[in-house]
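Everything below concerns the one structure shown next.
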Amino acid sequence: MGEATPLLELRGVSKRFGAVEALTKVDFTARLGEVMALVGDNGAGKSTLIKGIAGIHTYNEGQIFFDAKPVTINSPRDSAALGIEVVYQDLALADNLDVVANMFLGHERTQAMGMLDEDSMERTCIETLQSLSVTTLRSVRQEISGLSGGQRQAVAVAKAVMRNSRLVILDEPTAALGVAQTRQVLDLVRRLADKGLAVVLISHNLHDIFEVADRITVLRLGQNVHEFMAQQTNPQEVVHAITAGKMLHVPGMAEVEIQ
Amino acid sequence: MKTTPSSPGSGLAPATAPASGSRFAQYMQRMRSGELGSLPIILGLILIVIVFQVQNQNFLTPRNFVNLIVQMAGITTIAIGVVYVLLLGEIDLSIGYVSAVAAVSMALLLREPISLPWPLAVVVALLVAAAVGALHGSIITRFQVPSFVVTLAGLLAWNGVVLILMQGAGTVIIQDQTVLNIANAYLPPALGWALALGGVALFAYSQFTNVRARNQRGLTNRSTAITIVQVALVALLSLGAVYFANLDRGVPFIGLLLLILLAAFSVLATRTKFGRYVYAIGGNKEAARRAGINVERIRVMVFMISSVMAGVGGIILASRLRSVDTAAGGGNLLINSIAAAVIGGTSLFGGRGKVSSAFLGALIIASIENGMGLLNLSAGEKFVITGLVLLAAVLVDATSRRGQGGAKR
Ligand SMILES: Nc1ncnc2c1ncn2[C@@H]1O[C@H](COP(=O)(O)OP(=O)(O)OP(=O)(O)O)[C@@H](O)[C@H]1O
Ligand SMILES: [Mg+2]
């Protein structure tokens, strides 16, 4: 497992929002065939880190390597072109569109004269949901506004999986789910990695993480304080890193931290 | 962000594999769950027709029917653009005077010193409108200011431009026969029949090939009964309209133009990526952006559509009046155009609506105006009644939205 090839590598990335330094010189790696868990307290910078990978915003400094080649990611399109798919914490679904339209948003299939190929998209959508054993949807032509939280999560995950992506990032995918649906999503996460994809999983639930993750990266106050191998550590050690991990860099704005 | 959980009991029940619809039952379910579609509007329209017909026997005559089509043409055209803007969750208050800018430009280009041939004059006028829309859209997206404010400024400024262009002349008469024909020519009866039959055949063909294609791919279908009823209704309405119009002067050319515009913009909204993105942005702008959609470009294009359709509407109105004057684009043109889209069922809150609502809403507004004109009601009474209809439409919009799993407030 230690030999898995890095697919994505961040070196020394930082991100500032005005006076707030949300990320400071963070190194981060995601490997093919592995689940990398990203943990940290609220506001540690987990979402900020993955938004940089997704092209929602750009880092102020640092480098991104993909397949060992330096790349720039300036937009969600750049990110999607590399084969990166993200399931966001605040699910990025359009309430007024149906399941099919959401799954293909931004990647619609067209036929003659630029007309949408609805039938083909619907077919693929149903197949994807079935392959993930998502059985709670009544119809793929239902509007998102009529779905439960778990159903929405399932759609968002299926959406990320459907494109032949190489790196799937999930920001707290199980936060709103019941026991059975959490189980399904975790199984799904594991299956993605076993298929050879690189998976990044953000979660506050260490129990979930120890169940599926191969490695665990701990962020604290915008810094990478440790990367663990899941099999060589335990929840106590990780919790300690989350709350009291050693900071490598002097925080840029001490006043900000005091507030 | 709209991440409100949906109302309890909304389909958490474990079901079978996701299907694409359980036919008729699902259709009825959609109707009940507040997605009433066009039904309340059509019922309202029938009510209006009955009331006016009882009051005045002249309402449902072929002559008045043909008049009505010509009367509603300008508003319908402008309202098509309004639907797109509302779908984005934006508003365009400049459409009244932008329509006048286009109409006045055309009239002046046709007139003596310049005397352009009509196709050039029309194209230049519409390019001017497109530029106006591009300007509005660019300001709104570049500086991230509300469309309400930018187009309110546009309302004032373009009114001023109309007055400046007219240079004190009270009225410019249009003499070009082709331009006059836009709103004043009628199709020969035989041509009316041929077009209606052709249109119905085309509609039926596309519906039934669609059903067959879905069956072949193993996708569930709308029930064949609904498809047949739909095709029959379309056939009945279009052939009936042609029959009725042919009892008088025939189908107005403008009626044909309206149908073509409505069909083209419906296809754009529902069958293309562009239309899909307009709905997505209106539903959740952030989701659209994260999906890699160029949100700002789509928004600018929608304001261009709005201005160009206003321009087309302005030209139609000018053709009908056979002139333009300093009052062009004023009065209640703006209010009526926006009201048409809303009465027709397009939501003011973005993301929900159809191009056809421009037609239905304009039909209601024009029917009320026309009917009240026959009854010799005062302008004051007309405004009050139109206002009440608009209010009713907005209330239907707000309450049906509440029925949709509380996804939006
Ligand atoms: N758009 C923004 N503008 C200003 N500050 C921001 C912005 N986004 C994030 N931040 C700040 O950056 C820091 C990291 O936030 P981030 O959302 O990445 O945390 P997180 O680790 O995902 O937390 P959580 O577990 O609560 O999701 C926080 O202090 C937050 O306030
Ligand atoms: Mg977060």
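By convention here, the chains of the structure tokens are called A, B, ... in the order presented, each chain's residues are numbered starting at 1, and ligands are numbered starting at 1 in the order presented.
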
Contacts between chain B and chain A, please, where a residue of chain A counts if it comes within 9 Å (with only C-alpha atoms); show its shortest atom pair and distance in Å to one decimal, rows by chain and ascending number, as CSV.
```
residue,atom,partner,partner_atom,distance
A:Ala54,CA,B:Arg290,CA,8.4
A:Gly55,CA,B:Arg290,CA,8.4
A:Ile56,CA,B:Arg290,CA,6.8
A:Ser75,CA,B:Gly292,CA,7.3
A:Pro76,CA,B:Gly292,CA,5.1
A:Arg77,CA,B:Gly292,CA,5.1
A:Asp78,CA,B:Gly292,CA,8.7
A:Ala80,CA,B:Gly292,CA,8.2
A:Asp90,CA,B:Thr3,CA,7.1
A:Leu91,CA,B:Thr3,CA,7.5
A:Ala92,CA,B:Ala287,CA,4.4
A:Leu93,CA,B:Ala287,CA,5.6
A:Ala94,CA,B:Asn284,CA,5.0
A:Asp95,CA,B:Gly283,CA,5.9
A:Asn96,CA,B:Gly283,CA,5.4
A:Leu97,CA,B:Ala280,CA,7.0
A:Ala101,CA,B:Arg276,CA,7.9
A:Asn102,CA,B:Ala280,CA,8.5
A:Phe104,CA,B:Ala291,CA,8.9
A:Leu105,CA,B:Ala291,CA,6.1
A:Gly106,CA,B:Ala291,CA,5.1
A:His107,CA,B:Ala291,CA,8.1
A:Glu108,CA,B:Lys273,CA,6.8
A:Arg109,CA,B:Lys273,CA,8.8
A:Thr110,CA,B:Thr272,CA,8.0
A:Gly114,CA,B:Thr272,CA,6.2
A:Met115,CA,B:Thr272,CA,5.1
A:Leu116,CA,B:Arg271,CA,5.3
A:Asp117,CA,B:Arg271,CA,8.4
A:Glu118,CA,B:Arg271,CA,8.5
A:Asp119,CA,B:Arg214,CA,6.7
A:Ser120,CA,B:Arg217,CA,8.4
A:Glu122,CA,B:Ser20,CA,7.8
A:Arg123,CA,B:Leu219,CA,7.3
A:Ile126,CA,B:Pro18,CA,6.4
A:Leu129,CA,B:Pro18,CA,7.6
A:Gln130,CA,B:Ala17,CA,6.7
A:Ser133,CA,B:Ala17,CA,8.3
A:Val134,CA,B:Ala17,CA,7.4
A:Thr135,CA,B:Ala17,CA,4.9
A:Thr136,CA,B:Pro14,CA,5.0
A:Leu137,CA,B:Pro18,CA,5.1
A:Arg138,CA,B:Pro18,CA,5.3
A:Ser139,CA,B:Ala19,CA,4.8
A:Val140,CA,B:Ser20,CA,5.3
A:Arg141,CA,B:Ser20,CA,5.7
A:Gln142,CA,B:Ser20,CA,8.4
A:Ile144,CA,B:Ala407,CA,8.8
A:Ser145,CA,B:Ala407,CA,5.2
A:Gly146,CA,B:Gly405,CA,5.4
A:Leu147,CA,B:Ser6,CA,6.4
A:Ser148,CA,B:Ser6,CA,5.6
A:Gly149,CA,B:Pro5,CA,6.0
A:Gly150,CA,B:Leu12,CA,8.7
A:Gln151,CA,B:Leu12,CA,8.0
```

(message) Any residue with an atom at most 8 Å from ligand 1 counts, using only C-alpha atoms and all ligand atoms. Which are they? Put them as a ChimeraX atom specification.
(response) /A:16-18,20-23,39-49,89,172,203-204,219,221-222

(request) Find the residues around Met36 in chain A up to 10 Å (only C-alpha atoms counted), leave out those fewer than 6 positions away in its own chain, and share them as an MDAnalysis selection string. (result) chainID A and resid 28:30 169 193 198:202 209 212:217 227:230

Dump of N, CA, C and O atoms for the selected residues, as a short mmCIF file (atom, residue, chain, number, x, y, z; two decimals), in the first residue's frame:
```cif
data_model
loop_
_atom_site.label_atom_id
_atom_site.label_comp_id
_atom_site.auth_asym_id
_atom_site.auth_seq_id
_atom_site.Cartn_x
_atom_site.Cartn_y
_atom_site.Cartn_z
N PHE A 28 -0.01 18.03 0.66
CA PHE A 28 -1.11 17.06 0.69
C PHE A 28 -0.97 16.14 -0.50
O PHE A 28 -0.63 16.57 -1.60
N THR A 29 -1.25 14.87 -0.30
CA THR A 29 -1.11 13.89 -1.38
C THR A 29 -2.32 12.96 -1.43
O THR A 29 -2.83 12.56 -0.39
N ALA A 30 -2.77 12.66 -2.64
CA ALA A 30 -3.81 11.64 -2.81
C ALA A 30 -3.26 10.59 -3.77
O ALA A 30 -2.71 10.93 -4.82
N ILE A 169 -13.44 13.62 -4.61
CA ILE A 169 -13.30 14.26 -3.30
C ILE A 169 -14.69 14.38 -2.68
O ILE A 169 -15.61 14.90 -3.32
N ALA A 193 -12.16 3.38 -4.35
CA ALA A 193 -10.71 3.22 -4.21
C ALA A 193 -10.28 1.86 -4.75
O ALA A 193 -9.27 1.74 -5.44
N ALA A 198 -8.37 7.52 -6.96
CA ALA A 198 -7.91 8.17 -5.74
C ALA A 198 -9.12 8.83 -5.10
O ALA A 198 -9.91 9.47 -5.78
N VAL A 199 -9.28 8.64 -3.78
CA VAL A 199 -10.44 9.19 -3.09
C VAL A 199 -9.97 10.03 -1.91
O VAL A 199 -9.08 9.63 -1.17
N VAL A 200 -10.55 11.23 -1.78
CA VAL A 200 -10.30 12.06 -0.60
C VAL A 200 -11.61 12.18 0.15
O VAL A 200 -12.63 12.54 -0.43
N LEU A 201 -11.57 11.84 1.43
CA LEU A 201 -12.80 11.83 2.24
C LEU A 201 -12.63 12.79 3.42
O LEU A 201 -11.75 12.59 4.26
N ILE A 202 -13.46 13.82 3.46
CA ILE A 202 -13.46 14.71 4.62
C ILE A 202 -14.56 14.25 5.56
O ILE A 202 -15.68 14.01 5.12
N ILE A 209 -13.96 7.02 9.42
CA ILE A 209 -12.67 7.15 8.76
C ILE A 209 -11.82 5.90 8.94
O ILE A 209 -11.25 5.38 7.98
N VAL A 212 -12.73 3.06 6.48
CA VAL A 212 -12.44 3.04 5.04
C VAL A 212 -11.11 3.64 4.63
O VAL A 212 -10.65 3.38 3.53
N ALA A 213 -10.48 4.45 5.49
CA ALA A 213 -9.32 5.21 5.01
C ALA A 213 -8.04 4.39 5.05
O ALA A 213 -7.86 3.51 5.89
N ASP A 214 -7.14 4.68 4.09
CA ASP A 214 -5.80 4.09 4.11
C ASP A 214 -4.83 5.03 4.81
O ASP A 214 -3.92 4.59 5.49
N ARG A 215 -5.02 6.34 4.58
CA ARG A 215 -4.17 7.34 5.22
C ARG A 215 -5.04 8.45 5.77
O ARG A 215 -6.18 8.64 5.32
N ILE A 216 -4.50 9.19 6.72
CA ILE A 216 -5.24 10.27 7.35
C ILE A 216 -4.34 11.50 7.42
O ILE A 216 -3.25 11.45 7.98
N THR A 217 -4.81 12.61 6.80
CA THR A 217 -4.09 13.87 6.93
C THR A 217 -4.82 14.75 7.93
O THR A 217 -6.03 14.91 7.84
N GLU A 227 0.55 13.35 8.78
CA GLU A 227 -0.09 12.37 7.90
C GLU A 227 0.15 10.99 8.50
O GLU A 227 1.28 10.57 8.71
N PHE A 228 -0.96 10.28 8.83
CA PHE A 228 -0.87 8.96 9.45
C PHE A 228 -1.17 7.88 8.42
O PHE A 228 -1.93 8.10 7.49
N MET A 229 -0.59 6.67 8.64
CA MET A 229 -1.10 5.48 7.97
C MET A 229 -2.19 4.93 8.88
O MET A 229 -1.95 4.72 10.08
N ALA A 230 -3.37 4.69 8.33
CA ALA A 230 -4.50 4.34 9.19
C ALA A 230 -4.23 3.08 10.02
O ALA A 230 -4.66 2.98 11.16
#
```

Give me the residues near Glu85 in chain A as a short mmCIF file (atom, residue, chain, number, x, y, z; two decimals) with N, CA, C and O atoms, in the first residue's frame, where near means some atom within 9 Å (using only C-alpha atoms) and where sequence neighbours in that chain fewer than 4 positions away do not count.
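File written: result-v8.cif
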```
data_model
loop_
_atom_site.label_atom_id
_atom_site.label_comp_id
_atom_site.auth_asym_id
_atom_site.auth_seq_id
_atom_site.Cartn_x
_atom_site.Cartn_y
_atom_site.Cartn_z
N ALA A 54 -10.55 21.97 -6.60
CA ALA A 54 -11.71 21.95 -7.49
C ALA A 54 -11.78 23.15 -8.41
O ALA A 54 -12.63 23.21 -9.29
N SER A 79 -10.32 21.67 -13.47
CA SER A 79 -10.33 20.56 -12.53
C SER A 79 -11.02 19.34 -13.13
O SER A 79 -10.51 18.22 -13.06
N ALA A 80 -12.17 19.58 -13.75
CA ALA A 80 -12.92 18.48 -14.37
C ALA A 80 -12.11 17.87 -15.51
O ALA A 80 -12.13 16.65 -15.71
N LYS A 159 -23.27 11.53 -9.11
CA LYS A 159 -22.85 12.51 -10.11
C LYS A 159 -21.33 12.52 -10.25
O LYS A 159 -20.79 12.53 -11.35
N ALA A 160 -20.65 12.49 -9.10
CA ALA A 160 -19.19 12.50 -9.14
C ALA A 160 -18.64 11.21 -9.73
O ALA A 160 -17.62 11.22 -10.41
N VAL A 161 -19.33 10.11 -9.47
CA VAL A 161 -18.84 8.82 -9.90
C VAL A 161 -19.07 8.60 -11.39
O VAL A 161 -18.30 7.95 -12.08
N ARG A 163 -18.97 10.43 -14.16
CA ARG A 163 -17.92 10.80 -15.10
C ARG A 163 -16.76 9.87 -14.81
O ARG A 163 -16.54 9.50 -13.68
N SER A 165 -14.03 9.73 -13.60
CA SER A 165 -13.08 10.56 -12.89
C SER A 165 -11.95 9.71 -12.31
O SER A 165 -12.08 8.51 -12.15
N ARG A 166 -10.83 10.35 -11.99
CA ARG A 166 -9.68 9.64 -11.42
C ARG A 166 -9.51 10.00 -9.95
O ARG A 166 -8.91 9.27 -9.19
N LEU A 167 -9.99 11.19 -9.59
CA LEU A 167 -9.90 11.62 -8.21
C LEU A 167 -11.28 12.10 -7.77
O LEU A 167 -11.85 13.00 -8.39
N VAL A 168 -11.83 11.46 -6.75
CA VAL A 168 -13.14 11.87 -6.24
C VAL A 168 -12.95 12.41 -4.83
O VAL A 168 -12.34 11.75 -3.98
N ILE A 169 -13.44 13.62 -4.61
CA ILE A 169 -13.30 14.26 -3.30
C ILE A 169 -14.69 14.38 -2.68
O ILE A 169 -15.61 14.90 -3.32
N LEU A 170 -14.83 13.91 -1.46
CA LEU A 170 -16.15 13.97 -0.81
C LEU A 170 -16.02 14.78 0.48
O LEU A 170 -15.27 14.40 1.39
#
```

(request) Considering only C-alpha atoms and all ligand atoms, state which residue in the set A:Leu7, A:Leu197, A:Val87, A:Met113 is at the smallest distance from ligand 2. (result) A:Val87
